[in-house]
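Source file target_26.tsv; content: TSV, C-alpha atoms and all ligand atoms.
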chain	number	residue	atom	x	y	z
C	1	MET	CA	103.72	-16.39	107.83
C	2	GLN	CA	105.10	-19.06	105.50
C	3	PHE	CA	103.01	-20.83	102.85
C	4	LYS	CA	103.60	-23.51	100.23
C	5	ILE	CA	100.94	-23.41	97.54
C	6	TYR	CA	100.23	-25.84	94.72
C	7	ARG	CA	100.66	-24.18	91.34
C	8	TYR	CA	99.64	-25.72	88.05
C	9	ASP	CA	98.42	-24.30	84.79
C	10	PRO	CA	97.74	-27.31	82.52
C	11	ASP	CA	98.03	-25.08	79.43
C	12	ARG	CA	101.58	-23.99	80.29
C	13	ASP	CA	103.18	-26.26	82.90
C	14	ALA	CA	104.55	-29.74	82.24
C	15	LYS	CA	103.78	-30.67	85.85
C	16	PRO	CA	102.58	-29.13	89.11
C	17	ARG	CA	104.97	-27.49	91.58
C	18	MET	CA	104.75	-26.04	95.10
C	19	GLN	CA	105.50	-22.31	95.37
C	20	ASP	CA	106.76	-20.67	98.56
C	21	TYR	CA	105.22	-17.43	99.80
C	22	GLU	CA	106.00	-15.31	102.84
C	23	VAL	CA	103.24	-12.94	103.90
C	24	GLN	CA	103.28	-10.02	106.30
C	25	LEU	CA	99.95	-10.28	108.12
C	26	GLU	CA	97.99	-7.46	109.73
C	27	PRO	CA	96.29	-7.84	113.16
C	28	SER	CA	92.91	-8.00	111.41
C	29	ASP	CA	93.97	-11.11	109.42
C	30	ALA	CA	92.37	-13.93	111.41
C	31	MET	CA	91.46	-16.49	108.76
C	32	LEU	CA	93.34	-18.34	106.04
C	33	LEU	CA	91.32	-16.55	103.37
C	34	ASP	CA	92.65	-13.20	104.70
C	35	ALA	CA	96.20	-14.46	104.12
C	36	LEU	CA	95.27	-15.78	100.68
C	37	SER	CA	93.87	-12.37	99.75
C	38	ARG	CA	97.23	-10.83	100.68
C	39	ILE	CA	99.08	-13.46	98.63
C	40	LYS	CA	96.76	-12.80	95.69
C	41	ALA	CA	97.51	-9.06	96.01
C	42	MET	CA	101.25	-9.89	95.78
C	43	ASP	CA	100.87	-12.42	92.97
C	44	ASP	CA	97.70	-12.15	90.93
C	45	SER	CA	98.64	-15.19	88.84
C	46	LEU	CA	97.45	-17.42	91.73
C	47	SER	CA	93.95	-18.79	91.05
C	48	LEU	CA	91.44	-19.67	93.74
C	49	ARG	CA	87.69	-19.48	94.27
C	50	ARG	CA	86.00	-17.54	97.07
C	51	SER	CA	82.92	-15.48	97.54
C	52	CYS	CA	81.02	-15.13	100.83
C	53	ARG	CA	84.03	-15.27	103.20
C	54	GLU	CA	81.86	-16.66	105.97
C	55	GLY	CA	81.37	-20.38	105.41
C	56	VAL	CA	78.16	-20.12	103.38
C	57	CYS	CA	78.94	-20.37	99.67
C	58	GLY	CA	81.30	-23.37	99.85
C	59	SER	CA	83.55	-22.06	97.08
C	60	ASP	CA	86.90	-21.79	98.89
C	61	ALA	CA	87.20	-25.47	99.82
C	62	MET	CA	90.80	-26.68	99.55
C	63	ASN	CA	93.23	-29.10	101.12
C	64	ILE	CA	94.86	-27.31	104.07
C	65	ASN	CA	97.88	-29.02	105.67
C	66	GLY	CA	96.53	-32.35	104.42
C	67	LYS	CA	92.88	-31.91	105.44
C	68	ASN	CA	89.99	-30.53	103.39
C	69	GLY	CA	88.35	-27.38	104.71
C	70	LEU	CA	87.13	-23.87	103.93
C	71	ALA	CA	89.82	-21.18	103.90
C	72	CYS	CA	87.44	-18.50	105.20
C	73	ILE	CA	86.62	-20.27	108.47
C	74	THR	CA	90.06	-21.78	109.11
C	75	ARG	CA	91.94	-19.81	111.77
C	76	LEU	CA	95.51	-18.91	110.90
C	77	SER	CA	96.46	-19.32	114.56
C	78	GLU	CA	95.63	-23.04	114.34
C	79	LEU	CA	97.83	-23.77	111.31
C	80	LYS	CA	101.30	-25.27	111.41
C	81	GLU	CA	103.88	-23.51	109.18
C	82	PRO	CA	104.67	-23.63	106.39
C	83	VAL	CA	100.96	-23.91	105.59
C	84	GLU	CA	100.58	-26.31	102.65
C	85	LEU	CA	97.65	-25.60	100.37
C	86	ARG	CA	96.56	-27.93	97.60
C	87	PRO	CA	93.41	-28.26	95.48
C	88	LEU	CA	90.67	-30.64	96.67
C	89	PRO	CA	91.96	-34.17	95.99
C	90	GLY	CA	90.61	-36.44	93.28
C	91	LEU	CA	89.09	-33.84	90.94
C	92	PRO	CA	90.74	-32.53	87.75
C	93	VAL	CA	92.67	-29.31	88.32
C	94	ILE	CA	91.65	-26.39	86.15
C	95	ARG	CA	94.36	-24.17	87.57
C	96	ASP	CA	96.18	-23.89	90.93
C	97	LEU	CA	93.55	-24.29	93.68
C	98	VAL	CA	90.59	-24.34	91.28
C	99	VAL	CA	89.17	-27.80	90.50
C	100	ASP	CA	86.59	-28.97	87.98
C	101	MET	CA	83.48	-29.77	90.06
C	102	SER	CA	81.47	-31.22	87.13
C	103	GLN	CA	81.59	-34.82	88.35
C	104	PHE	CA	80.66	-33.78	91.88
C	105	PHE	CA	77.59	-31.86	90.68
C	106	LYS	CA	76.67	-34.60	88.21
C	107	GLN	CA	76.36	-37.02	91.12
C	108	TYR	CA	74.48	-34.43	93.18
C	109	HIS	CA	71.93	-33.87	90.38
C	110	SER	CA	71.56	-37.64	89.89
C	111	ILE	CA	69.71	-37.95	93.22
C	112	LYS	CA	67.04	-35.41	92.11
C	113	PRO	CA	67.77	-32.85	94.81
C	114	TYR	CA	64.31	-31.30	94.89
C	115	LEU	CA	60.93	-32.06	96.43
C	116	ILE	CA	58.78	-34.42	94.36
C	117	ASN	CA	55.08	-34.15	95.15
C	118	ASN	CA	52.50	-34.41	92.40
C	119	ALA	CA	49.46	-33.75	94.62
C	120	PRO	CA	47.66	-30.50	93.74
C	121	PRO	CA	49.35	-27.64	95.59
C	122	PRO	CA	47.44	-26.43	98.67
C	123	GLU	CA	46.29	-22.85	98.85
C	124	LYS	CA	49.25	-21.67	100.95
C	125	GLU	CA	52.00	-24.25	101.46
C	126	ARG	CA	52.68	-27.93	102.15
C	127	LEU	CA	52.68	-28.10	105.93
C	128	GLN	CA	54.83	-30.18	108.27
C	129	THR	CA	54.53	-30.80	112.00
C	130	PRO	CA	57.45	-29.49	114.08
C	131	ALA	CA	58.59	-33.10	114.54
C	132	GLU	CA	58.56	-33.71	110.77
C	133	ARG	CA	60.52	-30.51	110.25
C	134	ASP	CA	63.07	-31.60	112.89
C	135	GLU	CA	63.89	-34.63	110.73
C	136	LEU	CA	65.59	-32.28	108.25
C	137	ASP	CA	68.03	-30.84	110.78
C	138	GLY	CA	71.58	-31.91	110.02
C	139	LEU	CA	70.64	-32.51	106.37
C	140	TYR	CA	69.51	-29.25	104.78
C	141	GLU	CA	72.55	-27.23	106.00
C	142	CYS	CA	74.93	-28.70	103.39
C	143	ILE	CA	76.64	-25.97	101.33
C	144	LEU	CA	77.93	-28.35	98.61
C	145	CYS	CA	81.55	-27.45	99.24
C	146	ALA	CA	82.70	-30.99	98.26
C	147	CYS	CA	85.13	-31.28	101.19
C	148	CYS	CA	83.51	-34.63	102.08
C	149	SER	CA	83.29	-36.31	98.67
C	150	THR	CA	86.87	-35.34	97.81
C	151	ALA	CA	88.09	-36.86	101.10
C	152	CYS	CA	86.31	-40.14	100.40
C	153	PRO	CA	88.45	-42.99	98.97
C	154	SER	CA	85.35	-44.63	97.48
C	155	PHE	CA	84.62	-41.42	95.54
C	156	TRP	CA	88.24	-41.12	94.38
C	157	TRP	CA	88.14	-44.61	92.86
C	158	ASN	CA	84.63	-44.43	91.35
C	159	PRO	CA	83.54	-40.80	90.95
C	160	ASP	CA	81.37	-41.78	87.97
C	161	LYS	CA	79.58	-44.62	89.80
C	162	PHE	CA	79.50	-43.82	93.54
C	163	VAL	CA	77.23	-40.88	94.42
C	164	GLY	CA	79.56	-39.82	97.24
C	165	PRO	CA	78.77	-38.52	100.72
C	166	ALA	CA	77.48	-35.06	99.68
C	167	GLY	CA	75.00	-36.46	97.16
C	168	LEU	CA	73.89	-39.23	99.52
C	169	LEU	CA	73.34	-36.78	102.38
C	170	GLN	CA	71.02	-34.86	100.04
C	171	ALA	CA	69.34	-38.08	98.89
C	172	TYR	CA	68.45	-38.76	102.51
C	173	ARG	CA	67.38	-35.13	103.01
C	174	PHE	CA	64.53	-35.75	100.52
C	175	LEU	CA	63.81	-39.31	101.73
C	176	ALA	CA	63.37	-37.84	105.22
C	177	ASP	CA	61.06	-35.08	104.05
C	178	SER	CA	57.41	-35.81	104.96
C	179	ARG	CA	56.26	-33.75	101.96
C	180	ASP	CA	58.16	-35.82	99.40
C	181	GLN	CA	56.28	-38.62	97.62
C	182	ALA	CA	59.10	-40.25	95.63
C	183	THR	CA	60.53	-42.58	98.30
C	184	SER	CA	60.36	-45.72	96.15
C	185	GLU	CA	61.78	-44.05	93.09
C	186	ARG	CA	64.60	-42.54	95.16
C	187	LEU	CA	65.47	-45.90	96.74
C	188	ASP	CA	65.35	-47.67	93.34
C	189	ASN	CA	67.80	-45.08	92.07
C	190	LEU	CA	70.30	-45.98	94.84
C	191	GLU	CA	69.89	-49.76	95.01
C	192	ASP	CA	73.05	-50.62	93.14
C	193	PRO	CA	76.45	-52.07	94.10
C	194	TYR	CA	78.15	-48.72	93.47
C	195	ARG	CA	75.79	-45.75	93.91
C	196	LEU	CA	75.21	-46.27	97.65
C	197	PHE	CA	76.93	-49.46	98.72
C	198	ARG	CA	80.47	-48.33	97.81
C	199	CYS	CA	80.45	-46.47	101.13
C	200	HIS	CA	82.56	-48.48	103.56
C	201	SER	CA	81.88	-46.27	106.60
C	202	ILE	CA	85.45	-44.97	106.81
C	203	MET	CA	83.99	-41.63	107.99
C	204	ASN	CA	86.53	-39.31	106.35
C	205	CYS	CA	83.49	-37.32	105.25
C	206	VAL	CA	82.36	-36.67	108.82
C	207	ASP	CA	85.88	-35.71	109.85
C	208	VAL	CA	86.18	-32.91	107.28
C	209	CYS	CA	82.66	-31.44	106.95
C	210	PRO	CA	83.00	-27.74	107.84
C	211	LYS	CA	79.30	-27.58	108.76
C	212	GLY	CA	79.57	-30.47	111.24
C	213	LEU	CA	77.23	-32.72	109.22
C	214	ASN	CA	77.27	-36.51	109.25
C	215	PRO	CA	76.94	-38.06	105.77
C	216	THR	CA	77.89	-41.51	107.13
C	217	GLN	CA	74.83	-41.52	109.40
C	218	ALA	CA	72.58	-40.45	106.51
C	219	ILE	CA	74.04	-43.22	104.34
C	220	GLY	CA	73.34	-45.74	107.12
C	221	ARG	CA	69.74	-44.56	107.28
C	222	ILE	CA	69.29	-45.01	103.52
C	223	LYS	CA	70.70	-48.55	103.84
C	224	ASN	CA	68.18	-49.20	106.65
C	225	LEU	CA	65.31	-47.99	104.47
C	226	LEU	CA	66.42	-50.37	101.72
C	227	VAL	CA	66.68	-53.30	104.15
C	228	ARG	CA	63.27	-52.53	105.66
C	229	ARG	CA	61.51	-52.40	102.32
C	230	ALA	CA	63.12	-55.72	101.32
C	231	VAL	CA	61.60	-57.67	104.29
D	1	LIG	S1	81.89	-43.00	105.31
D	1	LIG	FE1	81.37	-43.60	103.23
D	1	LIG	S2	80.97	-41.70	102.18
D	1	LIG	FE2	82.06	-41.17	104.09
D	1	LIG	S3	84.22	-41.08	103.48
D	1	LIG	FE3	83.81	-43.15	104.15
D	1	LIG	S4	83.30	-44.34	102.32
D	1	LIG	FE4	83.11	-42.15	101.84
D	2	LIG	S1	78.18	-32.56	103.69
D	2	LIG	FE1	79.55	-31.04	104.58
D	2	LIG	S2	81.52	-31.38	103.53
D	2	LIG	FE2	79.96	-32.40	102.34
D	2	LIG	S3	79.41	-30.92	100.75
D	2	LIG	FE3	77.95	-30.69	102.47
D	2	LIG	S4	78.82	-29.08	103.76
D	2	LIG	FE4	80.45	-29.77	102.38
D	3	LIG	S1	84.24	-18.00	100.80
D	3	LIG	FE1	82.22	-18.84	100.92
D	3	LIG	S2	82.51	-20.60	102.16
D	3	LIG	FE2	84.45	-19.65	102.21
Any chance you could put this one into structure tokens?
Ligand code: SF4
Ligand code: SF4
Ligand code: FES
Amino acid sequence: MQFKIYRYDPDRDAKPRMQDYEVQLEPSDAMLLDALSRIKAMDDSLSLRRSCREGVCGSDAMNINGKNGLACITRLSELKEPVELRPLPGLPVIRDLVVDMSQFFKQYHSIKPYLINNAPPPEKERLQTPAERDELDGLYECILCACCSTACPSFWWNPDKFVGPAGLLQAYRFLADSRDQATSERLDNLEDPYRLFRCHSIMNCVDVCPKGLNPTQAIGRIKNLLVRRAV
């Protein structure tokens, strides 16, 4: 199978280049990450991140034939050749397919991604009804792969000001949690021309999320909460 892979070592290369690879696959090689492991065995100078190989850790996110996704759950049989692999767009490249995720995680941490509840802890746990628990479905499953935020034009232009779809999905995850008591503080933190309202509902984020999540819907719900508290 034929591949074209983005290569760039900022310490040594004047500019990035695309390198061709031809790989002999085995019948057991079903996913793109299997092919990348074979390429890495041929050329260990190629840098990429991976860990779980089953769509859980989020570390092997990359741009695959123009669309962000996870190499480990992308079927080779569905890819047009030569398969073009590039780092996630819009983030600084550390080397080859490895990007600097600092800005992405800075925005994620800015929404306080943890339960805030200052009431004395109950003896066992803070309970929810099944209906309250259902509110978290479609929100808690995010693996922070950054496929969505790095496909979002608003995040490309303002990564320091716009929280981005991944962070906003998690902001809503805690706003929707019946056990959380920081609703006002969380909304204050997002009521700003950039942090939330830079989303223009283009829905690139929904299109690329490998977990089938819908950040645009969560963003819409945060906007509704802000409108409702204003009237
Ligand atoms: S819907 Fe909003 S968050 Fe999602 S890609 Fe578009 S602008 Fe970005
Ligand atoms: S919302 Fe989806 S694409 Fe975005 S970081 Fe979470 S799992 Fe990845
Ligand atoms: S290697 Fe963990 S998500 Fe792909």
*At most 9 Å from (95.2, -25.0, 98.7), file frame, all atoms listed in the file: which residues, as an MDAnalysis selection string?*
chainID C and resid 4:6 48 60:65 68 71 84:88 96:98
_Minimum-distance residue to ligand LIG 2 (chain D), chosen among C:Ala146, C:Ala182, C:Ile219, C:Ile111 (using all atoms listed in the file)_ =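 Between C:Ala146, C:Ala182, C:Ile219, C:Ile111, the residue approaching ligand LIG 2 (chain D) most closely is C:Ala146.
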*All residues within 10 Å of ligand LIG 2 (chain D) are required, counting only C-alpha atoms and all ligand atoms; please report them as JSON, numbers by chain.*
{"C": [55, 56, 57, 58, 59, 61, 68, 69, 70, 104, 108, 138, 139, 140, 141, 142, 143, 144, 145, 146, 147, 148, 149, 150, 151, 164, 165, 166, 167, 168, 169, 170, 204, 205, 206, 207, 208, 209, 210, 211, 212, 213, 214, 215, 216]}
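The space separating atom CA of Ser51 of chain C from atom CA of Ser28 of chain C comes to 18.7 Å.
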Counting only C-alpha atoms, write as an mmCIF file with C-alpha atoms, keeping the file's coordinate frame all protein and nucleic acid residues lying at most 9 Å from (62.8, -31.6, 96.7) in the file's frame.
data_model
loop_
_atom_site.group_PDB
_atom_site.id
_atom_site.type_symbol
_atom_site.label_atom_id
_atom_site.label_comp_id
_atom_site.auth_asym_id
_atom_site.auth_seq_id
_atom_site.Cartn_x
_atom_site.Cartn_y
_atom_site.Cartn_z
ATOM 1 C CA LYS C 112 67.040 -35.410 92.110
ATOM 2 C CA PRO C 113 67.770 -32.850 94.810
ATOM 3 C CA TYR C 114 64.310 -31.300 94.890
ATOM 4 C CA LEU C 115 60.930 -32.060 96.430
ATOM 5 C CA ILE C 116 58.780 -34.420 94.360
ATOM 6 C CA ASN C 117 55.080 -34.150 95.150
ATOM 7 C CA ARG C 173 67.380 -35.130 103.010
ATOM 8 C CA PHE C 174 64.530 -35.750 100.520
ATOM 9 C CA ASP C 177 61.060 -35.080 104.050
ATOM 10 C CA ARG C 179 56.260 -33.750 101.960
ATOM 11 C CA ASP C 180 58.160 -35.820 99.400
#
*Identify which of the residues C:Thr183, C:Arg95, C:Ile39, C:Pro120 lies closest to Asp13 of chain C, counting all atoms listed in the file when measuring atom-to-atom distances.*
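Closest candidate: C:Arg95.
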*Using all atoms listed in the file, which of C:Gln19, C:Arg49, C:Asp44, C:Arg38 sits nearest ligand LIG 3 (chain D)?*
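Ranked by minimum distance to ligand LIG 3 (chain D), first place goes to C:Arg49.
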*Quick one: residues within 9 Å of Lys223 of chain C, all atoms listed in the file counted, chain neighbours fewer than 6 positions away excluded, as a PyMOL selection string?*
chain C and resi 191+196-197
